[in-house]
$ cat data28.cif   # mmCIF, C-alpha atoms
data_my_file
loop_
_atom_site.group_PDB
_atom_site.id
_atom_site.type_symbol
_atom_site.label_atom_id
_atom_site.label_comp_id
_atom_site.auth_asym_id
_atom_site.auth_seq_id
_atom_site.Cartn_x
_atom_site.Cartn_y
_atom_site.Cartn_z
ATOM 1 C CA MET I 5 0.000 0.000 0.000
ATOM 2 C CA ALA I 6 1.436 3.339 -1.116
ATOM 3 C CA ASN I 7 2.008 6.122 1.399
ATOM 4 C CA ILE I 8 -0.555 8.840 0.581
ATOM 5 C CA THR I 9 1.007 12.165 1.539
ATOM 6 C CA ALA I 10 -0.653 15.529 2.127
ATOM 7 C CA GLY I 11 1.252 16.855 -0.882
ATOM 8 C CA MET I 12 -0.276 14.194 -3.146
ATOM 9 C CA VAL I 13 -3.759 15.052 -1.919
ATOM 10 C CA LYS I 14 -3.069 18.759 -2.466
ATOM 11 C CA GLU I 15 -1.864 18.141 -6.030
ATOM 12 C CA LEU I 16 -4.925 16.059 -6.873
ATOM 13 C CA ARG I 17 -7.210 18.712 -5.419
ATOM 14 C CA GLU I 18 -5.532 21.374 -7.554
ATOM 15 C CA ARG I 19 -5.788 19.236 -10.678
ATOM 16 C CA THR I 20 -9.418 18.208 -10.207
ATOM 17 C CA GLY I 21 -11.011 20.896 -8.033
ATOM 18 C CA LEU I 22 -12.603 18.210 -5.834
ATOM 19 C CA GLY I 23 -12.699 17.973 -2.044
ATOM 20 C CA MET I 24 -9.892 16.696 0.133
ATOM 21 C CA MET I 25 -11.683 13.521 1.278
ATOM 22 C CA ASP I 26 -12.700 12.588 -2.284
ATOM 23 C CA CYS I 27 -9.125 13.065 -3.476
ATOM 24 C CA LYS I 28 -7.626 11.107 -0.591
ATOM 25 C CA LYS I 29 -10.054 8.230 -1.134
ATOM 26 C CA ALA I 30 -9.281 8.153 -4.883
ATOM 27 C CA LEU I 31 -5.527 8.048 -4.201
ATOM 28 C CA VAL I 32 -5.935 5.231 -1.681
ATOM 29 C CA GLU I 33 -8.025 3.197 -4.110
ATOM 30 C CA ALA I 34 -5.510 3.872 -6.907
ATOM 31 C CA ASP I 35 -2.617 2.869 -4.601
ATOM 32 C CA GLY I 36 -1.026 6.293 -4.990
ATOM 33 C CA ASP I 37 -1.142 6.354 -8.801
ATOM 34 C CA MET I 38 -1.972 10.010 -9.547
ATOM 35 C CA GLU I 39 -3.053 9.508 -13.156
ATOM 36 C CA LYS I 40 -5.216 6.492 -12.315
ATOM 37 C CA ALA I 41 -6.839 8.469 -9.495
ATOM 38 C CA ILE I 42 -7.616 11.264 -11.967
ATOM 39 C CA ASP I 43 -9.079 8.777 -14.461
ATOM 40 C CA ASP I 44 -11.228 7.221 -11.725
ATOM 41 C CA LEU I 45 -12.468 10.642 -10.604
ATOM 42 C CA ARG I 46 -13.226 11.630 -14.187
ATOM 43 C CA LYS I 47 -15.623 8.720 -14.360
ATOM 44 C CA ALA I 48 -17.537 10.096 -11.386
ATOM 45 C CA SER I 49 -20.619 12.175 -12.237
ATOM 46 C CA GLY I 50 -20.314 15.920 -11.839
ATOM 47 C CA LEU I 51 -16.504 16.023 -12.035
ATOM 48 C CA LYS I 52 -16.473 18.332 -15.052
ATOM 49 C CA ALA I 53 -18.575 20.902 -13.225
ATOM 50 C CA ALA I 54 -16.473 20.608 -10.097
ATOM 51 C CA LYS I 55 -13.240 20.755 -12.062
ATOM 52 C CA LYS I 56 -14.097 24.194 -13.408
ATOM 53 C CA ALA I 57 -15.499 25.607 -10.173
ATOM 54 C CA GLY I 58 -12.216 27.333 -9.373
ATOM 55 C CA ARG I 59 -12.083 29.270 -12.623
ATOM 56 C CA VAL I 60 -13.101 32.905 -12.364
ATOM 57 C CA ALA I 61 -16.583 33.625 -13.694
ATOM 58 C CA ALA I 62 -16.539 37.417 -13.957
ATOM 59 C CA ASP I 63 -18.624 37.862 -17.085
ATOM 60 C CA GLY I 64 -22.295 37.038 -17.585
ATOM 61 C CA THR I 65 -25.622 38.831 -17.454
ATOM 62 C CA VAL I 66 -27.920 40.742 -15.105
ATOM 63 C CA LEU I 67 -31.698 40.480 -15.354
ATOM 64 C CA SER I 68 -34.746 41.872 -13.608
ATOM 65 C CA LYS I 69 -38.481 41.290 -13.575
ATOM 66 C CA ILE I 70 -41.298 43.539 -12.323
ATOM 67 C CA SER I 71 -44.792 42.422 -11.309
ATOM 68 C CA GLU I 72 -47.746 43.725 -13.334
ATOM 69 C CA ASP I 73 -49.083 45.712 -10.390
ATOM 70 C CA GLY I 74 -45.672 47.341 -9.926
ATOM 71 C CA ASN I 75 -45.246 46.507 -6.237
ATOM 72 C CA PHE I 76 -42.588 43.791 -6.578
ATOM 73 C CA GLY I 77 -39.359 43.365 -8.513
ATOM 74 C CA VAL I 78 -36.495 40.881 -8.554
ATOM 75 C CA ILE I 79 -32.919 41.378 -9.785
ATOM 76 C CA LEU I 80 -30.387 38.659 -10.580
ATOM 77 C CA GLU I 81 -26.766 38.161 -11.670
ATOM 78 C CA VAL I 82 -25.613 34.971 -13.389
ATOM 79 C CA ASN I 83 -21.918 34.678 -14.256
ATOM 80 C CA SER I 84 -19.924 32.976 -16.980
ATOM 81 C CA GLU I 85 -16.222 33.084 -17.753
ATOM 82 C CA THR I 86 -16.491 34.851 -21.113
ATOM 83 C CA ASP I 87 -18.666 37.382 -22.900
ATOM 84 C CA PHE I 88 -19.135 34.838 -25.694
ATOM 85 C CA VAL I 89 -20.981 32.448 -23.365
ATOM 86 C CA ALA I 90 -22.881 35.350 -21.784
ATOM 87 C CA ARG I 91 -24.544 35.840 -25.169
ATOM 88 C CA ASP I 92 -25.199 32.120 -25.723
ATOM 89 C CA GLU I 93 -28.882 31.155 -26.019
ATOM 90 C CA ASN I 94 -28.508 28.184 -23.659
ATOM 91 C CA PHE I 95 -26.894 30.376 -20.997
ATOM 92 C CA LEU I 96 -29.576 33.050 -21.315
ATOM 93 C CA ASN I 97 -32.382 30.474 -21.164
ATOM 94 C CA PHE I 98 -30.885 29.125 -17.942
ATOM 95 C CA ALA I 99 -30.562 32.633 -16.461
ATOM 96 C CA ASN I 100 -34.210 33.341 -17.242
ATOM 97 C CA LYS I 101 -35.305 30.090 -15.596
ATOM 98 C CA VAL I 102 -33.493 31.135 -12.429
ATOM 99 C CA LEU I 103 -35.094 34.585 -12.638
ATOM 100 C CA ASP I 104 -38.579 33.099 -13.060
ATOM 101 C CA LYS I 105 -38.163 30.833 -10.043
ATOM 102 C CA ALA I 106 -36.867 33.697 -7.888
ATOM 103 C CA PHE I 107 -39.820 35.814 -9.014
ATOM 104 C CA THR I 108 -42.324 33.046 -8.228
ATOM 105 C CA THR I 109 -40.872 31.888 -4.916
ATOM 106 C CA ARG I 110 -39.645 35.279 -3.590
ATOM 107 C CA GLU I 111 -36.452 33.450 -2.593
ATOM 108 C CA SER I 112 -33.310 35.599 -2.274
ATOM 109 C CA ASP I 113 -30.931 32.966 -0.847
ATOM 110 C CA VAL I 114 -28.989 31.585 -3.816
ATOM 111 C CA ALA I 115 -28.294 28.162 -2.285
ATOM 112 C CA THR I 116 -31.964 27.627 -1.422
ATOM 113 C CA LEU I 117 -33.099 28.945 -4.789
ATOM 114 C CA MET I 118 -30.754 26.666 -6.734
ATOM 115 C CA ALA I 119 -31.293 23.461 -4.718
ATOM 116 C CA GLY I 120 -32.520 20.568 -6.835
ATOM 117 C CA GLU I 121 -33.624 21.070 -10.435
ATOM 118 C CA LEU I 122 -31.854 24.385 -11.092
ATOM 119 C CA GLU I 123 -28.519 23.161 -9.722
ATOM 120 C CA ASN I 124 -28.802 20.054 -11.902
ATOM 121 C CA ALA I 125 -29.486 22.315 -14.880
ATOM 122 C CA ARG I 126 -26.455 24.450 -14.013
ATOM 123 C CA GLU I 127 -24.142 21.439 -13.859
ATOM 124 C CA ALA I 128 -25.506 20.123 -17.158
ATOM 125 C CA LEU I 129 -24.907 23.544 -18.736
ATOM 126 C CA VAL I 130 -21.317 23.612 -17.443
ATOM 127 C CA GLN I 131 -20.673 20.243 -19.078
ATOM 128 C CA LYS I 132 -22.327 21.326 -22.326
ATOM 129 C CA ILE I 133 -20.675 24.756 -22.635
ATOM 130 C CA GLY I 134 -17.344 23.982 -20.964
ATOM 131 C CA GLU I 135 -17.230 27.074 -18.741
ATOM 132 C CA ASN I 136 -17.905 27.714 -15.092
ATOM 133 C CA ILE I 137 -21.456 29.042 -14.669
ATOM 134 C CA SER I 138 -22.578 30.462 -11.335
ATOM 135 C CA VAL I 139 -25.604 32.245 -9.945
ATOM 136 C CA ARG I 140 -23.903 34.959 -7.952
ATOM 137 C CA ARG I 141 -26.680 36.937 -6.285
ATOM 138 C CA VAL I 142 -30.390 37.685 -6.287
ATOM 139 C CA ASN I 143 -32.359 40.384 -4.498
ATOM 140 C CA MET I 144 -35.794 41.918 -4.528
ATOM 141 C CA ILE I 145 -37.894 44.893 -3.512
ATOM 142 C CA GLU I 146 -41.522 44.528 -2.516
ATOM 143 C CA PHE I 147 -44.325 46.752 -1.258
ATOM 144 C CA LYS I 148 -46.911 44.776 0.691
ATOM 145 C CA ASN I 149 -49.739 46.896 -0.693
ATOM 146 C CA ALA I 150 -50.036 48.235 -4.232
ATOM 147 C CA ASN I 151 -50.742 51.764 -2.963
ATOM 148 C CA ASP I 152 -47.609 51.891 -0.806
ATOM 149 C CA GLY I 153 -45.293 52.701 -3.700
ATOM 150 C CA ILE I 154 -43.961 51.794 -7.138
ATOM 151 C CA VAL I 155 -41.177 49.380 -8.058
ATOM 152 C CA ASP I 156 -39.635 49.809 -11.480
ATOM 153 C CA GLY I 157 -36.314 49.171 -13.121
ATOM 154 C CA TYR I 158 -33.905 49.669 -15.950
ATOM 155 C CA ILE I 159 -31.569 47.314 -17.774
ATOM 156 C CA HIS I 160 -28.748 48.695 -19.881
ATOM 157 C CA SER I 161 -28.994 47.524 -23.490
ATOM 158 C CA ASN I 162 -26.117 45.050 -23.211
ATOM 159 C CA ASN I 163 -27.446 43.496 -19.976
ATOM 160 C CA ARG I 164 -24.325 44.578 -18.079
ATOM 161 C CA ILE I 165 -26.145 46.816 -15.600
ATOM 162 C CA ALA I 166 -29.570 46.335 -14.009
ATOM 163 C CA VAL I 167 -31.350 48.515 -11.456
ATOM 164 C CA LEU I 168 -34.455 48.234 -9.287
ATOM 165 C CA VAL I 169 -35.908 51.369 -7.693
ATOM 166 C CA ALA I 170 -38.713 51.778 -5.174
ATOM 167 C CA ILE I 171 -40.405 55.177 -4.957
ATOM 168 C CA LYS I 172 -43.338 56.556 -3.016
ATOM 169 C CA GLY I 173 -45.462 58.993 -4.984
ATOM 170 C CA GLY I 174 -44.866 59.855 -8.629
ATOM 171 C CA ASP I 175 -45.499 57.382 -11.429
ATOM 172 C CA ASP I 176 -43.899 54.564 -13.445
ATOM 173 C CA SER I 177 -42.174 57.035 -15.769
ATOM 174 C CA LEU I 178 -40.488 58.831 -12.879
ATOM 175 C CA ALA I 179 -39.404 55.548 -11.290
ATOM 176 C CA LYS I 180 -37.875 54.394 -14.569
ATOM 177 C CA ASP I 181 -36.050 57.710 -14.970
ATOM 178 C CA ILE I 182 -34.576 57.353 -11.483
ATOM 179 C CA ALA I 183 -33.546 53.769 -12.269
ATOM 180 C CA MET I 184 -31.841 54.965 -15.469
ATOM 181 C CA HIS I 185 -29.993 57.626 -13.470
ATOM 182 C CA VAL I 186 -28.796 55.057 -10.917
ATOM 183 C CA ALA I 187 -27.544 52.833 -13.747
ATOM 184 C CA ALA I 188 -25.592 55.697 -15.326
ATOM 185 C CA VAL I 189 -24.216 57.546 -12.286
ATOM 186 C CA ASN I 190 -23.900 54.714 -9.731
ATOM 187 C CA PRO I 191 -24.711 56.408 -6.396
ATOM 188 C CA ILE I 192 -23.766 54.559 -3.215
ATOM 189 C CA VAL I 193 -26.701 55.625 -1.018
ATOM 190 C CA VAL I 194 -30.054 57.401 -1.311
ATOM 191 C CA ARG I 195 -29.380 60.187 1.206
ATOM 192 C CA ALA I 196 -26.262 61.920 2.513
ATOM 193 C CA GLU I 197 -26.921 60.681 6.051
ATOM 194 C CA ASP I 198 -26.867 57.091 4.757
ATOM 195 C CA VAL I 199 -23.158 57.186 3.836
ATOM 196 C CA PRO I 200 -21.458 54.636 6.128
ATOM 197 C CA LYS I 201 -19.303 56.136 8.884
ATOM 198 C CA GLU I 202 -16.396 53.827 8.065
ATOM 199 C CA LEU I 203 -16.408 55.087 4.480
ATOM 200 C CA LEU I 204 -16.375 58.694 5.647
ATOM 201 C CA ALA I 205 -13.501 57.903 8.007
ATOM 202 C CA LYS I 206 -11.524 56.352 5.184
ATOM 203 C CA GLU I 207 -12.103 59.323 2.876
ATOM 204 C CA SER I 208 -11.259 61.743 5.692
ATOM 205 C CA GLU I 209 -7.955 59.969 6.251
ATOM 206 C CA ILE I 210 -7.102 60.249 2.554
ATOM 207 C CA TYR I 211 -8.081 63.920 2.340
ATOM 208 C CA SER I 212 -6.174 64.657 5.530
ATOM 209 C CA ALA I 213 -2.967 63.208 4.139
ATOM 210 C CA GLN I 214 -3.417 65.154 0.904
ATOM 211 C CA ALA I 215 -4.205 68.435 2.655
ATOM 212 C CA ARG I 216 -1.225 68.253 5.001
ATOM 213 C CA GLU I 217 1.114 68.063 2.038
ATOM 214 C CA SER I 218 0.054 71.614 1.216
ATOM 215 C CA GLY I 219 1.863 72.950 4.304
ATOM 216 C CA LYS I 220 -1.076 75.191 5.186
ATOM 217 C CA PRO I 221 -2.051 75.999 8.814
ATOM 218 C CA GLU I 222 -4.004 73.341 10.714
ATOM 219 C CA GLU I 223 -7.240 75.341 10.789
ATOM 220 C CA ILE I 224 -7.122 75.757 7.009
ATOM 221 C CA ILE I 225 -6.347 72.071 6.559
ATOM 222 C CA GLU I 226 -9.395 71.136 8.652
ATOM 223 C CA LYS I 227 -11.624 73.334 6.485
ATOM 224 C CA MET I 228 -10.153 71.739 3.361
ATOM 225 C CA ILE I 229 -10.903 68.260 4.701
ATOM 226 C CA GLN I 230 -14.489 69.115 5.619
ATOM 227 C CA GLY I 231 -15.060 70.780 2.258
ATOM 228 C CA ARG I 232 -13.827 67.741 0.372
ATOM 229 C CA LEU I 233 -15.948 65.435 2.522
ATOM 230 C CA ARG I 234 -19.086 67.473 1.795
ATOM 231 C CA LYS I 235 -18.307 67.306 -1.913
ATOM 232 C CA TYR I 236 -17.716 63.547 -1.729
ATOM 233 C CA VAL I 237 -20.993 62.926 0.134
ATOM 234 C CA ALA I 238 -22.916 64.950 -2.463
ATOM 235 C CA GLU I 239 -21.288 62.995 -5.285
ATOM 236 C CA VAL I 240 -22.270 59.564 -3.923
ATOM 237 C CA SER I 241 -25.754 60.413 -2.581
ATOM 238 C CA LEU I 242 -28.561 59.884 -5.082
ATOM 239 C CA LEU I 243 -30.732 62.818 -3.992
ATOM 240 C CA ASP I 244 -27.826 65.300 -4.229
ATOM 241 C CA GLN I 245 -26.644 64.238 -7.687
ATOM 242 C CA PRO I 246 -27.456 66.298 -10.797
ATOM 243 C CA PHE I 247 -30.170 64.402 -12.699
ATOM 244 C CA VAL I 248 -28.617 62.559 -15.638
ATOM 245 C CA LYS I 249 -31.233 63.842 -18.105
ATOM 246 C CA ASP I 250 -31.096 67.460 -16.841
ATOM 247 C CA GLY I 251 -27.920 68.566 -15.095
ATOM 248 C CA GLU I 252 -29.576 71.796 -13.934
ATOM 249 C CA VAL I 253 -31.721 69.965 -11.365
ATOM 250 C CA THR I 254 -30.798 67.460 -8.665
ATOM 251 C CA VAL I 255 -32.575 64.129 -8.314
ATOM 252 C CA GLY I 256 -33.918 65.332 -4.958
ATOM 253 C CA ALA I 257 -35.438 68.461 -6.527
ATOM 254 C CA LEU I 258 -36.930 66.390 -9.356
ATOM 255 C CA LEU I 259 -38.617 64.087 -6.851
ATOM 256 C CA LYS I 260 -39.829 66.962 -4.675
ATOM 257 C CA LYS I 261 -41.482 68.611 -7.665
ATOM 258 C CA ALA I 262 -43.348 65.367 -8.373
ATOM 259 C CA GLY I 263 -44.310 64.904 -4.717
ATOM 260 C CA ALA I 264 -42.277 61.692 -4.598
ATOM 261 C CA ASP I 265 -39.415 60.136 -2.660
ATOM 262 C CA VAL I 266 -36.978 57.263 -3.210
ATOM 263 C CA ILE I 267 -37.344 54.475 -0.678
ATOM 264 C CA SER I 268 -34.487 52.284 -1.920
ATOM 265 C CA PHE I 269 -32.583 51.068 -4.955
ATOM 266 C CA ILE I 270 -30.514 48.040 -5.959
ATOM 267 C CA ARG I 271 -27.879 48.240 -8.689
ATOM 268 C CA TYR I 272 -26.109 45.192 -10.143
ATOM 269 C CA GLU I 273 -23.220 45.406 -12.586
ATOM 270 C CA VAL I 274 -21.826 42.238 -14.118
ATOM 271 C CA GLY I 275 -18.670 41.078 -12.365
ATOM 272 C CA GLU I 276 -18.335 44.079 -10.015
ATOM 273 C CA GLY I 277 -16.049 43.235 -7.136
ATOM 274 C CA ILE I 278 -14.728 40.077 -8.788
ATOM 275 C CA GLU I 279 -11.017 40.049 -9.487
ATOM 276 C CA LYS I 280 -10.852 38.791 -13.062
ATOM 277 C CA GLU I 281 -7.753 36.843 -13.971
ATOM 278 C CA GLU I 282 -5.817 38.511 -16.762
ATOM 279 C CA VAL I 283 -4.242 35.982 -19.088
ATOM 280 C CA ASP I 284 -0.928 36.901 -20.714
ATOM 281 C CA PHE I 285 -0.946 34.624 -23.746
ATOM 282 C CA ALA I 286 2.530 35.695 -24.873
ATOM 283 C CA ALA I 287 3.936 34.728 -21.474
ATOM 284 C CA GLU I 288 2.083 31.408 -21.590
ATOM 285 C CA VAL I 289 3.523 30.580 -25.008
ATOM 286 C CA ALA I 290 7.035 31.551 -23.895
ATOM 287 C CA ALA I 291 6.722 29.396 -20.793
ATOM 288 C CA ALA I 292 5.420 26.446 -22.805
ATOM 289 C CA ALA I 293 8.322 26.729 -25.230
ATOM 290 C CA LYS I 294 10.789 26.196 -22.347
ATOM 291 C CA LEU I 295 9.211 22.890 -21.334
#

$ encode --input "data28.cif" --output "structure tokens"
Amino acid sequence: MANITAGMVKELRERTGLGMMDCKKALVEADGDMEKAIDDLRKASGLKAAKKAGRVAADGTVLSKISEDGNFGVILEVNSETDFVARDENFLNFANKVLDKAFTTRESDVATLMAGELENAREALVQKIGENISVRRVNMIEFKNANDGIVDGYIHSNNRIAVLVAIKGGDDSLAKDIAMHVAAVNPIVVRAEDVPKELLAKESEIYSAQARESGKPEEIIEKMIQGRLRKYVAEVSLLDQPFVKDGEVTVGALLKKAGADVISFIRYEVGEGIEKEEVDFAAEVAAAAKL
């Protein structure tokens, strides 16, 4: 019986993407033969999907769906590895199935939403297309009563950005305009007072370091810091931003004129926050040539 080392298990995990116990068991059964263990694992169902699970899926699509009465909306991001697959009919059909189930069940937990039939469909799609496919996130906005407010949305033409907005007062047209603004300008919060304290502290630290390089007196530096913070807060707060379709009026003023207010918004952009691996093909070829 071969001695199965931790290094052998680690190598098999890296080469297959499977769990430690599965890899250890396969090595034991193959008497330490790495290639035989890989062949045995390849025969196991689901290996192809698991093998690609470690590859970065930073492309894909975002979708949304609004109820007919306008009091409920759901927003979803489904990722692929490449833009080519993101435009594939099979991928888009799968994404819409996930969206429909989320809309019907009101389920925002991805694991719960995907359990069973949808997860089986995802694994089958991975095997068919040959890329990692993942449902990254799903969220929703709902008013319990139709008269409480309006939910509407906007999807950028290439399905890279999707927005849901909930407003009280106004009409569908106003809600859609606000959603379009959020898609274009990307505010962080609705109101200035909603900006997280830790974010303000971080910005203050940056501005402080910049201001002190000026060599000005401390009281002037403090005024510079506060001025920059006020400007920053206005730039990231939806109600203080110049309206994208009319820069002469702020979003807050637009809403006030219509007797409306924004309750909340959700903005998804494909792959935001995911560190996409950059492939240097020239370096890969050069490295291969040395083998």

$ closest_residue --input "data28.cif" --among "I:Leu168, I:Leu122, I:Ala179, I:Ile133" --to "I:Glu93" --atoms "only C-alpha atoms"
I:Ile133

$ atom_distance --input "data28.cif" --atom1 "atom CA of I:Arg91" --atom2 "atom CA of I:Ile79"
18.4 Å

$ closest_residue --input "data28.cif" --among "I:Ile229, I:Val253, I:Ile192, I:Val274" --to "I:Ala205" --atoms "only C-alpha atoms"
I:Ile229

$ atom_distance --input "data28.cif" --atom1 "atom CA of I:Gly251" --atom2 "atom CA of I:His185"
11.3 Å

$ resolve_selection --input "data28.cif" --expression "the PyMOL selection byres ((chain I and resi 153-157) around 12)" --output "NGL selection string"
:I and (67-79 or 144-152 or 158-160 or 165-187 or 264-272)

$ write_last_selection --input "data28.cif" --atoms "C-alpha atoms" --output "mmCIF file, in the frame of the given file"
data_model
loop_
_atom_site.group_PDB
_atom_site.id
_atom_site.type_symbol
_atom_site.label_atom_id
_atom_site.label_comp_id
_atom_site.auth_asym_id
_atom_site.auth_seq_id
_atom_site.Cartn_x
_atom_site.Cartn_y
_atom_site.Cartn_z
ATOM 1 C CA LEU I 67 -31.698 40.480 -15.354
ATOM 2 C CA SER I 68 -34.746 41.872 -13.608
ATOM 3 C CA LYS I 69 -38.481 41.290 -13.575
ATOM 4 C CA ILE I 70 -41.298 43.539 -12.323
ATOM 5 C CA SER I 71 -44.792 42.422 -11.309
ATOM 6 C CA GLU I 72 -47.746 43.725 -13.334
ATOM 7 C CA ASP I 73 -49.083 45.712 -10.390
ATOM 8 C CA GLY I 74 -45.672 47.341 -9.926
ATOM 9 C CA ASN I 75 -45.246 46.507 -6.237
ATOM 10 C CA PHE I 76 -42.588 43.791 -6.578
ATOM 11 C CA GLY I 77 -39.359 43.365 -8.513
ATOM 12 C CA VAL I 78 -36.495 40.881 -8.554
ATOM 13 C CA ILE I 79 -32.919 41.378 -9.785
ATOM 14 C CA MET I 144 -35.794 41.918 -4.528
ATOM 15 C CA ILE I 145 -37.894 44.893 -3.512
ATOM 16 C CA GLU I 146 -41.522 44.528 -2.516
ATOM 17 C CA PHE I 147 -44.325 46.752 -1.258
ATOM 18 C CA LYS I 148 -46.911 44.776 0.691
ATOM 19 C CA ASN I 149 -49.739 46.896 -0.693
ATOM 20 C CA ALA I 150 -50.036 48.235 -4.232
ATOM 21 C CA ASN I 151 -50.742 51.764 -2.963
ATOM 22 C CA ASP I 152 -47.609 51.891 -0.806
ATOM 23 C CA TYR I 158 -33.905 49.669 -15.950
ATOM 24 C CA ILE I 159 -31.569 47.314 -17.774
ATOM 25 C CA HIS I 160 -28.748 48.695 -19.881
ATOM 26 C CA ILE I 165 -26.145 46.816 -15.600
ATOM 27 C CA ALA I 166 -29.570 46.335 -14.009
ATOM 28 C CA VAL I 167 -31.350 48.515 -11.456
ATOM 29 C CA LEU I 168 -34.455 48.234 -9.287
ATOM 30 C CA VAL I 169 -35.908 51.369 -7.693
ATOM 31 C CA ALA I 170 -38.713 51.778 -5.174
ATOM 32 C CA ILE I 171 -40.405 55.177 -4.957
ATOM 33 C CA LYS I 172 -43.338 56.556 -3.016
ATOM 34 C CA GLY I 173 -45.462 58.993 -4.984
ATOM 35 C CA GLY I 174 -44.866 59.855 -8.629
ATOM 36 C CA ASP I 175 -45.499 57.382 -11.429
ATOM 37 C CA ASP I 176 -43.899 54.564 -13.445
ATOM 38 C CA SER I 177 -42.174 57.035 -15.769
ATOM 39 C CA LEU I 178 -40.488 58.831 -12.879
ATOM 40 C CA ALA I 179 -39.404 55.548 -11.290
ATOM 41 C CA LYS I 180 -37.875 54.394 -14.569
ATOM 42 C CA ASP I 181 -36.050 57.710 -14.970
ATOM 43 C CA ILE I 182 -34.576 57.353 -11.483
ATOM 44 C CA ALA I 183 -33.546 53.769 -12.269
ATOM 45 C CA MET I 184 -31.841 54.965 -15.469
ATOM 46 C CA HIS I 185 -29.993 57.626 -13.470
ATOM 47 C CA VAL I 186 -28.796 55.057 -10.917
ATOM 48 C CA ALA I 187 -27.544 52.833 -13.747
ATOM 49 C CA ALA I 264 -42.277 61.692 -4.598
ATOM 50 C CA ASP I 265 -39.415 60.136 -2.660
ATOM 51 C CA VAL I 266 -36.978 57.263 -3.210
ATOM 52 C CA ILE I 267 -37.344 54.475 -0.678
ATOM 53 C CA SER I 268 -34.487 52.284 -1.920
ATOM 54 C CA PHE I 269 -32.583 51.068 -4.955
ATOM 55 C CA ILE I 270 -30.514 48.040 -5.959
ATOM 56 C CA ARG I 271 -27.879 48.240 -8.689
ATOM 57 C CA TYR I 272 -26.109 45.192 -10.143
#

$ atom_distance --input "data28.cif" --atom1 "atom CA of I:Arg141" --atom2 "atom CA of I:Val114"
6.3 Å

$ closest_residue --input "data28.cif" --among "I:Glu239, I:Glu111, I:Glu276, I:Glu18" --to "I:Val189" --atoms "only C-alpha atoms"
I:Glu239

$ resolve_selection --input "data28.cif" --expression "the PyMOL selection byres ((chain I and resi 230) around 12)" --output "PyMOL selection string"
chain I and resi 204-205+207-212+215+223-229+231-237

$ closest_residue --input "data28.cif" --among "I:Thr65, I:Asn190, I:Ser84, I:Thr254" --to "I:Ser138" --atoms "all atoms listed in the file"
I:Ser84

$ resolve_selection --input "data28.cif" --expression "the PyMOL selection byres ((chain I and resi 31-39) around 10)" --output "PyMOL selection string"
chain I and resi 5-9+12-13+15-16+25-30+40-45

$ residues_near_point --input "data28.cif" --point "(-24.7, 59.4, 0.5)" --cutoff "10 Å" --atoms "all atoms listed in the file" --output "ChimeraX atom specification"
/I:191-200,204,234,236-245

$ residues_around --input "data28.cif" --residues "I:Phe95" --least-positions-apart "3" --cutoff "9 Å" --atoms "all atoms listed in the file" --output "list in words"
Gly64, Val82, Ser84, Val89, Ala90, Arg91, Asp92, Phe98, Ala99, Asn100, Leu129, Ile133 and Ile137 of chain I

$ closest_residue --input "data28.cif" --among "I:Glu85, I:Lys220, I:Leu22, I:Val142" --to "I:Val130" --atoms "all atoms listed in the file"
I:Glu85

$ closest_residue --input "data28.cif" --among "I:Thr86, I:Leu103, I:Arg126, I:Asn136" --to "I:Gly21" --atoms "all atoms listed in the file"
I:Asn136
